[in-house]
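Participant: run.pdb (PDB, C-alpha atoms) pasted underneath:
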```
ATOM      1  CA  MET A   3       2.548 -90.727 284.019
ATOM      2  CA  VAL A   4       4.285 -87.905 282.202
ATOM      3  CA  ASP A   5       5.745 -85.133 284.356
ATOM      4  CA  PRO A   6       2.698 -82.866 284.885
ATOM      5  CA  PHE A   7       4.801 -79.691 284.889
ATOM      6  CA  ARG A   8       6.368 -80.320 281.468
ATOM      7  CA  ASN A   9       9.232 -77.866 282.165
ATOM      8  CA  MET A  10       6.752 -75.076 282.971
ATOM      9  CA  TYR A  11       7.077 -74.925 286.753
ATOM     10  CA  ASP A  12       9.981 -72.471 286.882
ATOM     11  CA  ASP A  13       8.268 -70.006 284.538
ATOM     12  CA  ILE A  14       5.020 -70.144 286.486
ATOM     13  CA  HIS A  15       6.809 -69.871 289.817
ATOM     14  CA  VAL A  16       8.465 -66.643 288.646
ATOM     15  CA  LEU A  17       5.036 -65.201 287.828
ATOM     16  CA  ILE A  18       3.759 -66.189 291.257
ATOM     17  CA  GLU A  19       6.738 -64.570 292.949
ATOM     18  CA  ASP A  20       6.100 -61.434 290.871
ATOM     19  CA  MET A  21       2.446 -61.392 292.046
ATOM     20  CA  GLN A  22       1.017 -61.830 288.542
ATOM     21  CA  TYR A  23      -2.221 -63.198 287.127
ATOM     22  CA  PHE A  24      -1.818 -65.635 284.248
ATOM     23  CA  LEU A  25      -3.751 -67.946 281.921
ATOM     24  CA  ILE A  26      -3.441 -71.685 281.280
ATOM     25  CA  HIS A  27      -5.440 -73.263 278.470
ATOM     26  CA  ALA A  28      -5.621 -76.532 276.543
ATOM     27  CA  PRO A  29      -8.276 -78.879 275.095
ATOM     28  CA  ARG A  30     -10.086 -81.428 277.231
ATOM     29  CA  GLN A  31      -8.167 -84.384 278.595
ATOM     30  CA  THR A  32      -4.739 -82.829 278.168
ATOM     31  CA  GLY A  33      -3.761 -82.805 281.830
ATOM     32  CA  LYS A  34      -4.913 -79.357 282.989
ATOM     33  CA  THR A  35      -6.491 -80.579 286.213
ATOM     34  CA  THR A  36      -3.561 -82.906 286.933
ATOM     35  CA  PHE A  37      -1.227 -79.959 286.359
ATOM     36  CA  LEU A  38      -3.195 -77.665 288.686
ATOM     37  CA  HIS A  39      -3.411 -80.198 291.496
ATOM     38  CA  ALA A  40       0.302 -80.958 291.230
ATOM     39  CA  LEU A  41       1.073 -77.223 291.263
ATOM     40  CA  ALA A  42      -1.066 -76.499 294.323
ATOM     41  CA  HIS A  43       0.332 -79.451 296.266
ATOM     42  CA  ARG A  44       3.904 -78.504 295.368
ATOM     43  CA  LEU A  45       3.434 -74.872 296.392
ATOM     44  CA  ASN A  46       1.898 -75.957 299.700
ATOM     45  CA  LYS A  47       4.668 -78.467 300.326
ATOM     46  CA  GLU A  48       7.377 -75.891 299.653
ATOM     47  CA  GLY A  49       5.764 -73.785 302.368
ATOM     48  CA  ASN A  50       5.982 -70.263 300.956
ATOM     49  CA  TYR A  51       2.389 -70.014 299.742
ATOM     50  CA  VAL A  52      -1.103 -71.267 300.462
ATOM     51  CA  SER A  53      -2.585 -72.672 297.268
ATOM     52  CA  VAL A  54      -5.876 -74.266 296.229
ATOM     53  CA  VAL A  55      -7.589 -75.335 293.016
ATOM     54  CA  CYS A  56     -11.259 -74.469 292.535
ATOM     55  CA  SER A  57     -13.424 -75.327 289.539
ATOM     56  CA  LEU A  58     -16.045 -72.773 288.464
ATOM     57  CA  GLU A  59     -17.856 -75.290 286.268
ATOM     58  CA  SER A  60     -20.796 -75.653 288.667
ATOM     59  CA  ALA A  61     -21.874 -72.117 287.728
ATOM     60  CA  GLY A  62     -21.481 -72.774 284.012
ATOM     61  CA  TYR A  63     -25.075 -72.445 282.813
ATOM     62  CA  ASN A  64     -26.664 -69.390 281.272
ATOM     63  CA  SER A  65     -29.698 -69.104 283.563
ATOM     64  CA  ILE A  66     -27.666 -68.628 286.759
ATOM     65  CA  THR A  67     -27.707 -65.193 288.364
ATOM     66  CA  VAL A  68     -24.605 -63.322 289.433
ATOM     67  CA  GLU A  69     -25.712 -63.523 293.068
ATOM     68  CA  THR A  70     -26.192 -67.300 292.929
ATOM     69  CA  ALA A  71     -22.895 -67.752 291.091
ATOM     70  CA  ASN A  72     -21.039 -65.943 293.878
ATOM     71  CA  GLU A  73     -22.595 -68.279 296.428
ATOM     72  CA  VAL A  74     -21.673 -71.308 294.315
ATOM     73  CA  PHE A  75     -18.065 -70.132 293.949
ATOM     74  CA  ILE A  76     -17.648 -69.567 297.671
ATOM     75  CA  GLN A  77     -19.166 -72.913 298.634
ATOM     76  CA  SER A  78     -17.044 -74.723 296.021
ATOM     77  CA  LEU A  79     -13.881 -72.997 297.187
ATOM     78  CA  TYR A  80     -14.574 -73.875 300.812
ATOM     79  CA  LEU A  81     -15.264 -77.547 300.058
ATOM     80  CA  THR A  82     -12.343 -77.969 297.648
ATOM     81  CA  ALA A  83      -9.858 -76.332 300.017
ATOM     82  CA  GLU A  84     -10.113 -79.394 302.288
ATOM     83  CA  VAL A  85      -8.283 -81.405 299.623
ATOM     84  CA  PHE A  86      -5.257 -79.115 299.756
ATOM     85  CA  LEU A  87      -5.063 -77.486 303.173
ATOM     86  CA  PRO A  88      -4.949 -78.324 306.882
ATOM     87  CA  PRO A  89      -7.781 -76.968 309.059
ATOM     88  CA  ASP A  90      -5.791 -73.954 310.279
ATOM     89  CA  LEU A  91      -5.396 -72.587 306.731
ATOM     90  CA  MET A  92      -8.954 -73.153 305.538
ATOM     91  CA  PRO A  93     -11.004 -70.252 304.134
ATOM     92  CA  PRO A  94     -13.840 -68.850 306.247
ATOM     93  CA  ASN A  95     -16.926 -71.001 306.614
ATOM     94  CA  PRO A  96     -19.490 -69.482 304.213
ATOM     95  CA  ASN A  97     -22.228 -70.196 306.749
ATOM     96  CA  SER A  98     -20.610 -67.717 309.142
ATOM     97  CA  TYR A  99     -21.637 -64.802 306.934
ATOM     98  CA  SER A 100     -24.931 -63.108 307.688
ATOM     99  CA  SER A 101     -25.605 -62.152 304.073
ATOM    100  CA  SER A 102     -26.159 -64.868 301.490
ATOM    101  CA  ASN A 103     -25.133 -62.445 298.741
ATOM    102  CA  ILE A 104     -21.504 -61.960 299.742
ATOM    103  CA  LEU A 105     -19.180 -61.387 296.815
ATOM    104  CA  LEU A 106     -16.317 -63.681 295.895
ATOM    105  CA  ARG A 107     -14.045 -60.629 296.038
ATOM    106  CA  ASN A 108     -14.945 -59.956 299.692
ATOM    107  CA  TYR A 109     -14.587 -63.622 300.618
ATOM    108  CA  LEU A 110     -11.091 -63.797 299.122
ATOM    109  CA  THR A 111     -10.166 -60.584 300.917
ATOM    110  CA  ASP A 112     -11.262 -61.984 304.272
ATOM    111  CA  TRP A 113      -9.316 -65.184 303.692
ATOM    112  CA  SER A 114      -6.154 -63.395 302.547
ATOM    113  CA  ARG A 115      -6.188 -61.132 305.620
ATOM    114  CA  PHE A 116      -6.369 -64.180 307.860
ATOM    115  CA  LEU A 117      -3.403 -66.021 306.301
ATOM    116  CA  ASP A 118       0.212 -65.383 307.280
ATOM    117  CA  LYS A 119       1.409 -66.494 303.820
ATOM    118  CA  PRO A 120       0.325 -65.270 300.380
ATOM    119  CA  LEU A 121      -2.587 -67.044 298.697
ATOM    120  CA  VAL A 122      -2.231 -68.529 295.202
ATOM    121  CA  LEU A 123      -5.620 -69.288 293.636
ATOM    122  CA  LEU A 124      -5.939 -71.667 290.658
ATOM    123  CA  LEU A 125      -9.372 -71.267 289.043
ATOM    124  CA  ASP A 126     -10.337 -74.058 286.651
ATOM    125  CA  GLU A 127     -13.109 -74.034 284.008
ATOM    126  CA  VAL A 128     -13.290 -70.233 283.898
ATOM    127  CA  ASP A 129     -14.446 -70.317 280.289
ATOM    128  CA  ALA A 130     -17.520 -72.340 281.318
ATOM    129  CA  LEU A 131     -19.064 -69.115 282.636
ATOM    130  CA  TYR A 132     -21.613 -67.106 280.674
ATOM    131  CA  ASP A 133     -22.076 -63.408 280.018
ATOM    132  CA  ASP A 134     -22.882 -61.411 283.179
ATOM    133  CA  VAL A 135     -21.418 -64.060 285.494
ATOM    134  CA  LEU A 136     -18.183 -64.125 283.517
ATOM    135  CA  ILE A 137     -17.940 -60.334 283.466
ATOM    136  CA  SER A 138     -18.772 -60.028 287.163
ATOM    137  CA  THR A 139     -16.202 -62.663 288.121
ATOM    138  CA  LEU A 140     -13.436 -61.067 286.074
ATOM    139  CA  ARG A 141     -14.251 -57.621 287.422
ATOM    140  CA  GLN A 142     -14.106 -58.858 291.008
ATOM    141  CA  LEU A 143     -10.707 -60.416 290.392
ATOM    142  CA  ARG A 144      -9.557 -57.210 288.743
ATOM    143  CA  ASP A 145     -10.899 -55.150 291.631
ATOM    144  CA  GLY A 146      -8.816 -57.070 294.154
ATOM    145  CA  PHE A 147      -5.626 -56.892 292.105
ATOM    146  CA  GLN A 148      -4.428 -53.620 293.633
ATOM    147  CA  THR A 149      -4.771 -54.912 297.209
ATOM    148  CA  ARG A 150      -2.728 -58.111 296.816
ATOM    149  CA  PRO A 151      -1.046 -59.897 298.562
ATOM    150  CA  LYS A 152      -2.161 -58.824 302.054
ATOM    151  CA  HIS A 153      -5.826 -58.409 301.155
ATOM    152  CA  PHE A 154      -6.230 -60.551 298.042
ATOM    153  CA  PRO A 155      -4.552 -63.571 296.416
ATOM    154  CA  GLN A 156      -0.979 -62.789 295.430
ATOM    155  CA  SER A 157      -1.365 -64.675 292.159
ATOM    156  CA  ILE A 158      -4.343 -66.113 290.274
ATOM    157  CA  ALA A 159      -4.363 -68.577 287.381
ATOM    158  CA  LEU A 160      -7.382 -68.608 285.071
ATOM    159  CA  VAL A 161      -7.663 -72.012 283.436
ATOM    160  CA  GLY A 162      -9.883 -73.388 280.689
ATOM    161  CA  LEU A 163     -10.234 -74.932 277.266
ATOM    162  CA  ARG A 164      -9.142 -71.824 275.445
ATOM    163  CA  ASP A 165      -7.338 -68.594 276.026
ATOM    164  CA  ILE A 166     -10.009 -66.559 277.788
ATOM    165  CA  ARG A 167      -9.012 -63.524 275.712
ATOM    166  CA  ASP A 168     -10.116 -65.371 272.562
ATOM    167  CA  PHE A 169     -13.781 -65.384 273.526
ATOM    168  CA  ARG A 170     -13.954 -61.922 275.038
ATOM    169  CA  THR A 171     -15.598 -60.488 271.903
ATOM    170  CA  PRO A 172     -18.384 -63.077 271.461
ATOM    171  CA  SER A 173     -19.090 -63.041 275.183
ATOM    172  CA  LEU A 174     -19.458 -59.278 275.074
ATOM    173  CA  ALA A 175     -21.139 -58.964 271.696
ATOM    174  CA  ASN A 176     -23.583 -56.379 272.972
ATOM    175  CA  ILE A 177     -21.087 -54.677 275.267
ATOM    176  CA  PRO A 178     -18.184 -53.207 273.277
ATOM    177  CA  SER A 179     -15.979 -52.843 276.342
ATOM    178  CA  ILE A 180     -16.006 -53.723 280.002
ATOM    179  CA  GLY A 181     -13.911 -50.682 280.640
ATOM    180  CA  SER A 182     -10.495 -49.972 282.045
ATOM    181  CA  GLY A 183     -11.149 -52.491 284.801
ATOM    182  CA  SER A 184     -10.813 -55.371 282.372
ATOM    183  CA  ILE A 185      -8.869 -58.289 283.784
ATOM    184  CA  PHE A 186      -7.244 -58.686 280.386
ATOM    185  CA  ASN A 187      -5.158 -55.612 281.148
ATOM    186  CA  ILE A 188      -3.453 -57.327 284.073
ATOM    187  CA  ILE A 189      -2.782 -60.803 282.651
ATOM    188  CA  ALA A 190       0.975 -61.219 282.541
ATOM    189  CA  GLU A 191       1.232 -64.334 280.384
ATOM    190  CA  SER A 192      -0.779 -67.086 278.713
ATOM    191  CA  PHE A 193       0.390 -70.712 278.774
ATOM    192  CA  PHE A 194      -0.815 -73.410 276.398
ATOM    193  CA  LEU A 195      -0.267 -76.924 277.725
ATOM    194  CA  PRO A 196       1.557 -78.623 274.851
ATOM    195  CA  ALA A 197       0.986 -82.068 273.426
ATOM    196  CA  PHE A 198       3.362 -84.824 274.496
ATOM    197  CA  SER A 199       6.634 -84.912 272.632
ATOM    198  CA  LYS A 200       7.670 -88.166 270.997
ATOM    199  CA  GLU A 201      10.149 -88.717 273.812
ATOM    200  CA  GLU A 202       7.404 -88.242 276.403
ATOM    201  CA  VAL A 203       5.187 -90.749 274.580
ATOM    202  CA  ARG A 204       8.116 -93.147 274.460
ATOM    203  CA  GLY A 205       8.616 -92.722 278.203
ATOM    204  CA  LEU A 206       4.909 -93.339 278.831
ATOM    205  CA  LEU A 207       4.917 -96.560 276.809
ATOM    206  CA  ASP A 208       8.185 -97.664 278.395
ATOM    207  CA  GLN A 209       6.486 -97.471 281.792
ATOM    208  CA  HIS A 210       3.888 -99.931 280.493
ATOM    209  CA  THR A 211       6.679-102.218 279.304
ATOM    210  CA  GLN A 212       8.412-102.043 282.683
ATOM    211  CA  ASP A 213       5.171-102.937 284.463
ATOM    212  CA  THR A 214       3.975-105.715 282.132
ATOM    213  CA  GLY A 215       6.820-106.792 279.848
ATOM    214  CA  GLN A 216       4.686-105.955 276.811
ATOM    215  CA  VAL A 217       6.707-103.986 274.249
ATOM    216  CA  PHE A 218       5.699-101.101 272.015
ATOM    217  CA  SER A 219       8.260-101.360 269.225
ATOM    218  CA  GLU A 220       9.806 -98.260 267.653
ATOM    219  CA  GLU A 221       7.657 -98.755 264.542
ATOM    220  CA  VAL A 222       4.501 -99.024 266.651
ATOM    221  CA  LEU A 223       5.504 -95.907 268.594
ATOM    222  CA  GLU A 224       5.987 -93.982 265.343
ATOM    223  CA  LYS A 225       2.537 -94.928 264.063
ATOM    224  CA  LEU A 226       0.807 -94.239 267.371
ATOM    225  CA  TYR A 227       2.504 -90.847 267.553
ATOM    226  CA  ALA A 228       1.607 -90.087 263.928
ATOM    227  CA  TYR A 229      -2.086 -90.707 264.653
ATOM    228  CA  SER A 230      -2.187 -88.907 268.006
ATOM    229  CA  GLY A 231       0.265 -86.063 267.431
ATOM    230  CA  GLY A 232       1.110 -86.511 271.094
ATOM    231  CA  GLN A 233      -2.329 -85.232 272.153
ATOM    232  CA  PRO A 234      -2.551 -86.759 275.637
ATOM    233  CA  TRP A 235      -6.061 -88.194 275.453
ATOM    234  CA  LEU A 236      -5.554 -89.614 271.948
ATOM    235  CA  THR A 237      -2.220 -91.122 272.937
ATOM    236  CA  ASN A 238      -3.720 -92.912 275.915
ATOM    237  CA  ALA A 239      -6.928 -93.838 274.101
ATOM    238  CA  LEU A 240      -5.075 -95.528 271.225
ATOM    239  CA  ALA A 241      -2.797 -97.467 273.547
ATOM    240  CA  ASN A 242      -5.671 -98.472 275.810
ATOM    241  CA  GLU A 243      -7.812 -99.562 272.865
ATOM    242  CA  VAL A 244      -5.087-101.973 271.787
ATOM    243  CA  VAL A 245      -3.960-103.259 275.175
ATOM    244  CA  SER A 246      -7.227-103.421 277.108
ATOM    245  CA  GLU A 247     -10.001-103.640 274.540
ATOM    246  CA  MET A 248      -8.444-105.596 271.681
ATOM    247  CA  LEU A 249      -5.853-107.750 273.460
ATOM    248  CA  ASN A 250      -7.840-108.059 276.701
ATOM    249  CA  ASN A 251      -4.759-107.209 278.788
ATOM    250  CA  ASP A 252      -2.964-110.303 277.531
ATOM    251  CA  TYR A 253       0.544-108.893 277.871
ATOM    252  CA  ALA A 254       2.112-111.889 276.145
ATOM    253  CA  ARG A 255       0.562-110.875 272.818
ATOM    254  CA  GLU A 256       2.488-108.691 270.380
ATOM    255  CA  ILE A 257       1.414-105.131 269.607
ATOM    256  CA  THR A 258       1.578-104.766 265.826
ATOM    257  CA  LEU A 259       1.174-101.919 263.373
ATOM    258  CA  ASP A 260      -2.121-103.411 262.168
ATOM    259  CA  LEU A 261      -3.501-103.225 265.699
ATOM    260  CA  ILE A 262      -2.716 -99.514 265.903
ATOM    261  CA  ASP A 263      -4.508 -98.964 262.568
ATOM    262  CA  LEU A 264      -7.516-100.902 263.776
ATOM    263  CA  ALA A 265      -7.554 -99.062 267.106
ATOM    264  CA  LYS A 266      -7.683 -95.761 265.242
ATOM    265  CA  GLU A 267     -10.681 -96.923 263.200
ATOM    266  CA  ARG A 268     -12.462 -98.243 266.295
ATOM    267  CA  LEU A 269     -12.082 -94.916 268.100
ATOM    268  CA  ILE A 270     -13.516 -93.103 265.089
ATOM    269  CA  GLU A 271     -16.477 -95.495 264.917
ATOM    270  CA  GLN A 272     -17.163 -95.067 268.633
ATOM    271  CA  ARG A 273     -17.612 -91.294 268.139
ATOM    272  CA  GLN A 274     -15.872 -90.586 271.405
ATOM    273  CA  MET A 275     -16.969 -87.274 272.939
ATOM    274  CA  HIS A 276     -13.371 -86.131 273.270
ATOM    275  CA  LEU A 277     -12.825 -86.591 269.532
ATOM    276  CA  ASP A 278     -15.764 -84.264 268.863
ATOM    277  CA  SER A 279     -14.314 -81.761 271.321
ATOM    278  CA  LEU A 280     -10.938 -81.860 269.599
ATOM    279  CA  ALA A 281     -12.517 -81.512 266.165
ATOM    280  CA  ASP A 282     -14.438 -78.471 267.386
ATOM    281  CA  LYS A 283     -11.129 -76.740 268.184
ATOM    282  CA  ILE A 284      -9.546 -77.354 264.756
ATOM    283  CA  ASP A 285      -8.973 -74.261 262.677
ATOM    284  CA  TYR A 286      -9.625 -75.746 259.248
ATOM    285  CA  SER A 287      -8.384 -72.582 257.549
ATOM    286  CA  GLN A 288      -4.881 -73.572 258.663
ATOM    287  CA  ILE A 289      -5.040 -77.044 257.056
TER     288      ILE A 289
END
```
Would you mind giving the structure from this file in structure tokens?
Facilitator:
Amino acid sequence: MVDPFRNMYDDIHVLIEDMQYFLIHAPRQTGKTTFLHALAHRLNKEGNYVSVVCSLESAGYNSITVETANEVFIQSLYLTAEVFLPPDLMPPNPNSYSSSNILLRNYLTDWSRFLDKPLVLLLDEVDALYDDVLISTLRQLRDGFQTRPKHFPQSIALVGLRDIRDFRTPSLANIPSIGSGSIFNIIAESFFLPAFSKEEVRGLLDQHTQDTGQVFSEEVLEKLYAYSGGQPWLTNALANEVVSEMLNNDYAREITLDLIDLAKERLIEQRQMHLDSLADKIDYSQI
């Protein structure tokens, strides 16, 4: 494991204390979910906030209605909260509401009023949402902003593959503006989860050596880092391809430069989905 906070915790904690909304974005398999879970658990353990992670991915299809999406969000939030919170801090049971069309904004207000500590909400996969659902969700979060922290989450993180501001225009191609209530006006900061540094990759491989005795030499580290650029999934995929797939977890065998080269070619031939996802994010005009 690499430290999930990557020296970002203090900066994010300041934003939370200042009651800000913020963005976190990075490609797939770069540790976003690990980061969010570690953040929520740490905030809850420190005892000053109530924090949960909730993925919005289950509403990420273009035929869903706004009304259904709100129901999905509320049910997901209620179920996920059990992972992070004791029973006395849980959000309201969605089944206790008489109307099936309750808004996420109202649900968060009811929960915030009930708590004796501020709520910090970490929303994952926000950029999976389409058109009207995306706009409705952002507007509801914007609408509650002025009533925080007693009647709405003190701080909200919007998390996804890309900076949500980058796809505002294509999402709203037929709607020039969503008005002064745009959530983009109240985002304090945007964080991009960085790739592993060479030292972090070295630390990751050293953990393998400590556990198994199998050594990644400095030359092997350099080549692995050159091919992966420290991208977390690529780093782990290359190392795993050599250790598990090619050497069959025989820790007595040497890891050579040729094996790293071959692992790279094997990953390319396998057409791993994550490689396609990474390629889709490359800005070729900058190459």
Participant: Could you pull the residues within 12 Å of stretch 13-17 of chain A, counting only C-alpha atoms, minus those fewer than 3 positions along the same chain, as a ChimeraX atom specification?
Facilitator: /A:7-10,20-26,37-38,41-42,44-45,48,50-51,122,124,156-159,189-193
Participant: Would you kindly translate the PyMOL selection byres ((chain A and resi 68-78) around 8) into the concrete residues it picks from this file, as a ChimeraX atom specification?
Facilitator: /A:56-58,60-61,66-67,79-82,96,102-106,109,134-135,138
Participant: Which residues would end up in the selection if the PyMOL selection byres ((chain A and resi 195) around 6) were applied here, given that I need the answer as number ranges by chain?
Facilitator: A: 28, 194, 196
Participant: Which is closer to A:Asp112 than all the others in A:Pro94, A:Pro29, A:Gly231, A:Gly215, using only C-alpha atoms?
Facilitator: A:Pro94
Participant: Give as a PyMOL selection string the residues that the PyMOL selection byres ((chain A and resi 111) around 9) matches when applied to the coordinates above.
Facilitator: chain A and resi 106-110+112-116+146+149-150+152-155
